[in-house]
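Q: This is start.pdb (PDB, C-alpha atoms).
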```
ATOM      1  CA  MET A   1       0.000   0.000   0.000
ATOM      2  CA  ALA A   2       1.346   3.416  -0.971
ATOM      3  CA  THR A   3       0.232   6.991  -0.481
ATOM      4  CA  ILE A   4       0.381   9.285  -3.500
ATOM      5  CA  LEU A   5       2.287  12.356  -2.346
ATOM      6  CA  ALA A   6       2.199  14.425  -5.534
ATOM      7  CA  VAL A   7       1.297  14.284  -9.225
ATOM      8  CA  ASP A   8       2.902  16.738 -11.673
ATOM      9  CA  ARG A   9       2.520  17.054 -15.434
ATOM     10  CA  HIS A  10       5.818  15.932 -16.937
ATOM     11  CA  PRO A  11       7.459  18.093 -19.629
ATOM     12  CA  VAL A  12       7.420  16.604 -23.142
ATOM     13  CA  SER A  13       9.511  17.252 -26.198
ATOM     14  CA  ALA A  14       8.381  19.462 -29.070
ATOM     15  CA  GLU A  15       8.005  16.337 -31.226
ATOM     16  CA  ASP A  16       5.674  14.688 -28.736
ATOM     17  CA  LEU A  17       3.320  17.454 -27.614
ATOM     18  CA  ALA A  18       0.309  15.159 -27.680
ATOM     19  CA  ALA A  19       1.798  12.819 -25.053
ATOM     20  CA  ILE A  20       0.436  12.966 -21.533
ATOM     21  CA  ARG A  21       2.849  11.959 -18.794
ATOM     22  CA  TYR A  22       3.000  12.579 -15.088
ATOM     23  CA  GLY A  23       5.714  12.495 -12.481
ATOM     24  CA  VAL A  24       4.066  10.555  -9.661
ATOM     25  CA  SER A  25       5.579  10.495  -6.179
ATOM     26  CA  ALA A  26       4.420   7.475  -4.131
ATOM     27  CA  LYS A  27       5.369   6.840  -0.488
ATOM     28  CA  ILE A  28       5.806   3.234   0.630
ATOM     29  CA  ARG A  29       6.865   3.017   4.284
ATOM     30  CA  ASN A  30       9.868   5.370   4.547
ATOM     31  CA  THR A  31      10.694   5.416   0.821
ATOM     32  CA  ALA A  32       9.382   7.772  -1.857
ATOM     33  CA  TYR A  33       9.393   6.529  -5.467
ATOM     34  CA  VAL A  34       9.067   9.042  -8.284
ATOM     35  CA  ASP A  35       8.005   7.397 -11.526
ATOM     36  CA  LEU A  36       7.103   8.563 -15.024
ATOM     37  CA  PHE A  37       3.484   7.533 -15.477
ATOM     38  CA  THR A  38       1.892   7.412 -18.922
ATOM     39  CA  PRO A  39      -1.859   6.825 -18.524
ATOM     40  CA  PRO A  40      -3.457   4.406 -21.005
ATOM     41  CA  ASN A  41      -5.477   6.056 -23.775
ATOM     42  CA  GLY A  42      -4.531   9.520 -22.552
ATOM     43  CA  ALA A  43      -6.727   9.255 -19.436
ATOM     44  CA  GLN A  44      -6.259  12.176 -17.036
ATOM     45  CA  SER A  45      -7.593  10.624 -13.834
ATOM     46  CA  ALA A  46      -4.057  10.444 -12.410
ATOM     47  CA  ARG A  47      -4.113  14.224 -12.006
ATOM     48  CA  TYR A  48      -6.471  13.817  -9.054
ATOM     49  CA  ALA A  49      -4.703  10.933  -7.285
ATOM     50  CA  ALA A  50      -2.659  12.968  -4.753
ATOM     51  CA  GLY A  51      -3.501  11.935  -1.198
ATOM     52  CA  ARG A  52      -5.012   8.607  -2.214
ATOM     53  CA  GLY A  53      -3.874   5.201  -1.044
ATOM     54  CA  MET A  54      -3.136   2.750  -3.867
ATOM     55  CA  LEU A  55      -1.596  -0.677  -4.341
ATOM     56  CA  PHE A  56       1.819  -0.739  -6.007
ATOM     57  CA  SER A  57       4.273  -3.436  -6.976
ATOM     58  CA  VAL A  58       7.922  -2.366  -6.835
ATOM     59  CA  GLU A  59      10.425  -3.919  -9.215
ATOM     60  CA  ARG A  60      14.051  -3.003  -9.737
ATOM     61  CA  ASP A  61      13.402  -0.270 -12.312
ATOM     62  CA  THR A  62       9.616  -0.009 -12.462
ATOM     63  CA  LEU A  63       6.681   0.849 -10.279
ATOM     64  CA  THR A  64       3.401  -0.828 -11.148
ATOM     65  CA  VAL A  65       0.070   0.502  -9.981
ATOM     66  CA  VAL A  66      -2.304  -2.414  -9.449
ATOM     67  CA  GLY A  67      -5.942  -1.920 -10.382
ATOM     68  CA  GLY A  68      -5.873   1.873 -10.263
ATOM     69  CA  LEU A  69      -8.153   4.289 -12.050
ATOM     70  CA  SER A  70      -6.284   3.629 -15.272
ATOM     71  CA  GLY A  71      -5.853  -0.105 -14.761
ATOM     72  CA  THR A  72      -2.614  -1.982 -14.081
ATOM     73  CA  THR A  73       0.279   0.019 -15.504
ATOM     74  CA  ALA A  74       4.062  -0.261 -15.123
ATOM     75  CA  SER A  75       6.104   2.934 -15.135
ATOM     76  CA  PRO A  76       9.860   3.568 -15.085
ATOM     77  CA  ILE A  77      11.247   4.799 -11.777
ATOM     78  CA  LEU A  78      12.993   8.158 -12.154
ATOM     79  CA  ARG A  79      14.451   8.356  -8.653
ATOM     80  CA  VAL A  80      14.150   6.917  -5.170
ATOM     81  CA  GLU A  81      14.321   8.943  -1.963
ATOM     82  CA  THR A  82      14.718   7.591   1.568
ATOM     83  CA  LEU A  83      12.466   9.484   3.971
ATOM     84  CA  PRO A  84      13.167  10.014   7.686
ATOM     85  CA  GLN A  85      11.893   7.229   9.915
ATOM     86  CA  PRO A  86       8.629   8.120  11.675
ATOM     87  CA  PRO A  87       9.354   9.265  15.230
ATOM     88  CA  ILE A  88       8.821   6.869  18.134
ATOM     89  CA  LEU A  89       5.865   7.687  20.345
ATOM     90  CA  ASP A  90       6.808  10.063  23.155
ATOM     91  CA  TRP A  91       4.594   8.710  25.935
ATOM     92  CA  SER A  92       5.443  11.616  28.242
ATOM     93  CA  LYS A  93       3.415  13.940  25.975
ATOM     94  CA  LEU A  94       0.458  11.617  25.504
ATOM     95  CA  PRO A  95      -1.722  12.565  28.486
ATOM     96  CA  SER A  96      -2.270  16.067  27.066
ATOM     97  CA  GLN A  97      -1.673  15.483  23.334
ATOM     98  CA  TYR A  98      -2.937  11.937  22.787
ATOM     99  CA  PHE A  99      -5.280  12.631  19.862
ATOM    100  CA  ALA A 100      -2.821  14.614  17.722
ATOM    101  CA  ILE A 101       0.163  12.373  18.480
ATOM    102  CA  ILE A 102      -1.642   9.063  17.876
ATOM    103  CA  LEU A 103      -3.296  10.294  14.664
ATOM    104  CA  GLN A 104       0.077  11.420  13.295
ATOM    105  CA  HIS A 105       1.739   8.208  14.507
ATOM    106  CA  LEU A 106      -0.788   6.027  12.671
ATOM    107  CA  SER A 107      -0.696   8.197   9.550
ATOM    108  CA  ASP A 108       3.090   8.033   9.302
ATOM    109  CA  ASN A 109       3.524   4.347  10.073
ATOM    110  CA  LEU A 110       0.538   2.997   8.141
ATOM    111  CA  ASP A 111       0.847   5.366   5.156
ATOM    112  CA  LEU A 112      -2.772   6.416   5.609
ATOM    113  CA  SER A 113      -4.407   8.248   2.742
ATOM    114  CA  ALA A 114      -6.197  11.542   3.374
ATOM    115  CA  ASP A 115      -9.527   9.714   3.131
ATOM    116  CA  GLN A 116      -8.459   7.105   5.685
ATOM    117  CA  GLN A 117      -7.237   9.792   8.076
ATOM    118  CA  SER A 118     -10.589  11.525   7.837
ATOM    119  CA  GLN A 119     -12.438   8.282   8.601
ATOM    120  CA  ILE A 120     -10.424   7.350  11.695
ATOM    121  CA  LYS A 121     -10.435  10.790  13.349
ATOM    122  CA  SER A 122     -13.643  10.153  15.293
ATOM    123  CA  ILE A 123     -12.315   6.737  16.393
ATOM    124  CA  ILE A 124      -9.059   8.206  17.713
ATOM    125  CA  ASP A 125     -10.923  11.100  19.355
ATOM    126  CA  ARG A 126     -13.018   8.658  21.387
ATOM    127  CA  GLU A 127      -9.935   6.567  22.178
ATOM    128  CA  ALA A 128      -8.101   9.675  23.411
ATOM    129  CA  ARG A 129     -10.908  10.608  25.805
ATOM    130  CA  GLU A 130     -11.151   7.088  27.237
ATOM    131  CA  VAL A 131      -7.379   6.728  27.634
ATOM    132  CA  ALA A 132      -7.121  10.092  29.405
ATOM    133  CA  ARG A 133      -9.923   9.052  31.779
ATOM    134  CA  VAL A 134      -8.318   5.844  33.075
ATOM    135  CA  CYS A 135      -4.850   5.061  31.711
ATOM    136  CA  PHE A 136      -2.880   7.896  33.297
ATOM    137  CA  ARG A 137      -4.508   7.805  36.752
ATOM    138  CA  SER A 138      -1.799   7.098  39.302
ATOM    139  CA  ILE A 139      -4.233   5.506  41.758
ATOM    140  CA  LEU A 140      -4.396   2.451  39.478
ATOM    141  CA  THR A 141      -1.614  -0.111  39.276
ATOM    142  CA  VAL A 142       0.576  -0.241  36.192
ATOM    143  CA  GLN A 143      -0.991  -3.551  35.181
ATOM    144  CA  ASP A 144      -4.534  -2.187  35.584
ATOM    145  CA  ARG A 145      -3.712   0.788  33.391
ATOM    146  CA  LEU A 146      -2.150  -1.474  30.764
ATOM    147  CA  ASN A 147      -5.244  -3.692  30.794
ATOM    148  CA  HIS A 148      -7.518  -0.684  30.318
ATOM    149  CA  TRP A 149      -5.338   0.602  27.480
ATOM    150  CA  GLU A 150      -5.461  -2.767  25.715
ATOM    151  CA  MET A 151      -9.253  -2.909  25.908
ATOM    152  CA  ILE A 152      -9.618   0.651  24.616
ATOM    153  CA  VAL A 153      -7.257   0.303  21.654
ATOM    154  CA  HIS A 154      -8.678  -3.119  20.786
ATOM    155  CA  SER A 155     -12.080  -1.488  20.432
ATOM    156  CA  SER A 156     -10.557   1.249  18.240
ATOM    157  CA  ASP A 157      -8.671  -1.259  16.104
ATOM    158  CA  GLU A 158     -11.808  -3.292  15.429
ATOM    159  CA  LYS A 159     -13.530  -0.130  14.179
ATOM    160  CA  MET A 160     -10.537   0.772  11.991
ATOM    161  CA  LYS A 161     -10.188  -2.705  10.497
ATOM    162  CA  ALA A 162     -12.786  -2.023   7.791
ATOM    163  CA  ILE A 163     -10.972   1.180   6.828
ATOM    164  CA  LEU A 164      -7.471  -0.300   6.535
ATOM    165  CA  SER A 165      -5.996  -2.586   3.912
ATOM    166  CA  GLN A 166      -4.838  -6.053   4.942
ATOM    167  CA  ALA A 167      -1.194  -4.924   4.937
ATOM    168  CA  GLN A 168      -2.035  -1.886   7.077
ATOM    169  CA  TRP A 169      -4.000  -4.047   9.519
ATOM    170  CA  GLN A 170      -1.080  -6.439   9.968
ATOM    171  CA  LYS A 171       1.266  -3.517  10.506
ATOM    172  CA  LEU A 172      -1.103  -2.046  13.099
ATOM    173  CA  GLU A 173      -1.127  -5.303  15.075
ATOM    174  CA  GLU A 174       2.688  -5.276  15.118
ATOM    175  CA  MET A 175       2.716  -1.636  16.214
ATOM    176  CA  ARG A 176       0.322  -2.256  19.089
ATOM    177  CA  ALA A 177       2.551  -4.983  20.543
ATOM    178  CA  VAL A 178       5.537  -2.609  20.552
ATOM    179  CA  GLU A 179       3.440   0.260  21.938
ATOM    180  CA  LYS A 180       2.286  -1.893  24.866
ATOM    181  CA  GLN A 181       5.872  -2.653  25.883
ATOM    182  CA  ARG A 182       6.879   1.016  25.658
ATOM    183  CA  LEU A 183       3.805   2.130  27.594
ATOM    184  CA  LYS A 184       4.629  -0.391  30.332
ATOM    185  CA  GLN A 185       8.187   0.963  30.527
ATOM    186  CA  PHE A 186       6.906   4.542  30.700
ATOM    187  CA  LEU A 187       4.316   3.806  33.415
ATOM    188  CA  THR A 188       6.816   1.792  35.466
ATOM    189  CA  THR A 189       9.398   4.581  35.260
ATOM    190  CA  GLN A 190       6.742   7.172  36.079
ATOM    191  CA  LYS A 191       5.718   5.176  39.166
ATOM    192  CA  ALA A 192       9.340   4.856  40.319
ATOM    193  CA  GLN A 193       9.901   8.597  39.902
ATOM    194  CA  LYS A 194       6.769   9.351  41.897
ATOM    195  CA  HIS A 195       7.965   7.025  44.670
ATOM    196  CA  ASP A 196      11.361   8.752  44.741
ATOM    197  CA  ASN A 197       9.742  12.196  44.885
ATOM    198  CA  GLU A 198       7.501  11.126  47.757
ATOM    199  CA  ALA A 199      10.495   9.638  49.604
ATOM    200  CA  VAL A 200      12.475  12.872  49.218
ATOM    201  CA  SER A 201       9.545  14.873  50.586
ATOM    202  CA  ALA A 202       9.233  12.495  53.524
ATOM    203  CA  ALA A 203      12.942  12.780  54.260
ATOM    204  CA  PHE A 204      12.805  16.568  54.278
ATOM    205  CA  ARG A 205       9.803  16.519  56.614
ATOM    206  CA  LEU A 206      11.582  14.152  58.995
ATOM    207  CA  LYS A 207      14.692  16.284  59.058
ATOM    208  CA  ARG A 208      12.737  19.507  59.518
ATOM    209  CA  ASN A 209      10.485  18.181  62.280
ATOM    210  CA  SER A 210      12.948  16.165  64.337
ATOM    211  CA  GLY A 211      16.303  17.570  63.460
ATOM    212  CA  SER A 212      17.740  14.081  63.730
ATOM    213  CA  ILE A 213      17.476  10.629  62.167
ATOM    214  CA  SER A 214      16.531   7.980  64.701
ATOM    215  CA  SER A 215      14.635   5.022  63.232
ATOM    216  CA  PRO A 216      16.246   2.570  60.759
ATOM    217  CA  ALA A 217      13.673   3.530  58.111
ATOM    218  CA  SER A 218      14.325   7.239  58.615
ATOM    219  CA  HIS A 219      18.058   6.654  58.502
ATOM    220  CA  ALA A 220      17.728   4.739  55.202
ATOM    221  CA  ILE A 221      15.702   7.543  53.632
ATOM    222  CA  HIS A 222      18.264  10.100  54.797
ATOM    223  CA  GLU A 223      21.184   8.094  53.481
ATOM    224  CA  ARG A 224      19.612   7.692  50.034
ATOM    225  CA  TYR A 225      18.111  11.124  49.435
ATOM    226  CA  LEU A 226      19.720  13.689  51.756
ATOM    227  CA  ALA A 227      23.230  12.474  52.538
TER     228      ALA A 227
END
```
Using the file provided, produce a representation of the structure as C-alpha cells.

A:
Amino acid sequence: MATILAVDRHPVSAEDLAAIRYGVSAKIRNTAYVDLFTPPNGAQSARYAAGRGMLFSVERDTLTVVGGLSGTTASPILRVETLPQPPILDWSKLPSQYFAIILQHLSDNLDLSADQQSQIKSIIDREAREVARVCFRSILTVQDRLNHWEMIVHSSDEKMKAILSQAQWQKLEEMRAVEKQRLKQFLTTQKAQKHDNEAVSAAFRLKRNSGSISSPASHAIHERYLA
C-alpha cells in the first residue's frame, strides 16, 4: 500500500506534444518513489490521485500501480528517496496530546491516505478521551492501566479494520505490541519517579520536624536522598 504524495505534469519534447505523462511520487513506508506515469489512452484521472492510497508493486526499475483508475500500468522509476523514519511515540506527551500524536503516529507508520485519516479521526478522538480518563490515573496499578489501554485500543482497532488494507491491519497489530511494551516501561518509570519524589519529601519533613534521624527507616531515607 502506498500513499500518493504528488502528481505533476511531466514536460514533453516538441516532437511529442500530444503525449500525456506525469511524475508521480508514491510513499511506501519510509521510501518515496518518483516514476514517469503514462496513462493508457490519454486518461487524465491520475491528475487527481494525490492523497489517495493505492496498491503498487515495486520492481528493480519499475513501479506498477495495481488496479488503479487507469488499470494496471508499469512505469519507469525516475528516482528513489529515503524518507526520515517516523518518530517513536513520546509517551510523556500523551496525556495532554494523545489525539494529535496518535493520529500522526498512525498516519506516518501505516501510510494512511487523506480519506483514511478523515475516517479514523472520530475513532481516535473517542480513544483519546477514554485513555485520558483511566490510563494515566496514578491511583491504578501499572498492570490495571495497561489492561484498560489494551481494551480501549482493541475497540478502536476493530472499528478501523474495515478502513485499513490487509497490509495496514497487519502492521497495526505489530505496532500495538511494541506500543504496549513502551507504555509499560513509561508507566513503570513514572511510578518509580513518583515514589522517589515522595520519599524525598518524607525525608525533608523528617529532618525539619525532628532535626535528627533515629529510626532505621528514617536513617535509610536520609542516606539515600539527603546524605

Q: Which polymer residues have any atom within 10 Å of an atom of Lys180 of chain A, counting all atoms listed in the file, with same-chain residues fewer than 6 positions away left out, as a ChimeraX atom specification?

A: /A:146-147,149-150,186

Q: Now that the selection is made, can you save its residues with C-alpha atoms as an mmCIF file, keeping the file's coordinate frame?

A:
```cif
data_model
loop_
_atom_site.group_PDB
_atom_site.id
_atom_site.type_symbol
_atom_site.label_atom_id
_atom_site.label_comp_id
_atom_site.auth_asym_id
_atom_site.auth_seq_id
_atom_site.Cartn_x
_atom_site.Cartn_y
_atom_site.Cartn_z
ATOM 1 C CA LEU A 146 -2.150 -1.474 30.764
ATOM 2 C CA ASN A 147 -5.244 -3.692 30.794
ATOM 3 C CA TRP A 149 -5.338 0.602 27.480
ATOM 4 C CA GLU A 150 -5.461 -2.767 25.715
ATOM 5 C CA PHE A 186 6.906 4.542 30.700
#
```

Q: With the file shown as input, list the residues that the PyMOL selection byres ((chain A and resi 22) around 6) selects, as a PyMOL selection string.

A: chain A and resi 8-10+21+23-24+36-37

Q: Output C-alpha atoms of each residue in that selection to a file, as a compact mmCIF listing (two decimals), keeping the file's coordinate frame.

A:
```txt
# COMPACT_ATOMS: atom_id res chain seq x y z
CA ASP A 8 2.90 16.74 -11.67
CA ARG A 9 2.52 17.05 -15.43
CA HIS A 10 5.82 15.93 -16.94
CA ARG A 21 2.85 11.96 -18.79
CA GLY A 23 5.71 12.50 -12.48
CA VAL A 24 4.07 10.56 -9.66
CA LEU A 36 7.10 8.56 -15.02
CA PHE A 37 3.48 7.53 -15.48
```

Q: Using all atoms listed in the file, can you tell me which of A:Met54, A:Leu103, A:Ile163, A:Ala32 comes closest to Ala2 of chain A?

A: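 Among the listed residues, A:Met54 lies closest to Ala2 of chain A.
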
Q: Counting all atoms listed in the file, find the residues whose atoms lie at most 12 Å from (-10.1, -1.9, 14.2) (file coordinates) and write them out as a list in words.

A: Gln119, Ile120, Ile123, Ile124, Glu127, Met151, Ile152, Val153, His154, Ser155, Ser156, Asp157, Glu158, Lys159, Met160, Lys161, Ala162, Ile163, Leu164, Ser165, Gln166, Gln168, Trp169, Gln170, Leu172, Glu173 and Arg176 of chain A

Q: To one decimal place in Å, what is the distance between atom CA of Gln97 of chain A and atom CA of Cys135 of chain A?

A: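 Computing the Euclidean distance for atom CA of Gln97 of chain A and atom CA of Cys135 of chain A yields 13.7 Å.
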
Q: Name the residues in contact with Asp61 of chain A at a cut-off of 12 Å, using all atoms listed in the file, excluding same-chain residues fewer than 3 positions from it; report them as a list in words.

A: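 The residues that qualify are Tyr33, Val34, Asp35, Leu36, Ser57, Val58, Thr64, Ala74, Ser75, Pro76, Ile77, Leu78, Arg79 and Val80 of chain A.
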
Q: Report, in Å to a single decimal, how far apart atom CA of Ser122 of chain A and atom CA of Glu179 of chain A are.

A: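 Spanning atom CA of Glu179 of chain A to atom CA of Ser122 of chain A is a straight-line distance of 20.8 Å.
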
Q: Taking only C-alpha atoms into account, which of A:Ile20, A:Leu83, A:Ala128, A:Leu55 comes nearest Ile102 of chain A?

A: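 Residue with the minimum atom-to-atom distance to Ile102 of chain A: A:Ala128.
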
Q: Figure out the distance between atom CA of Ser118 of chain A and atom CA of Ala26 of chain A, please, to one decimal in Å.

A: 19.6 Å
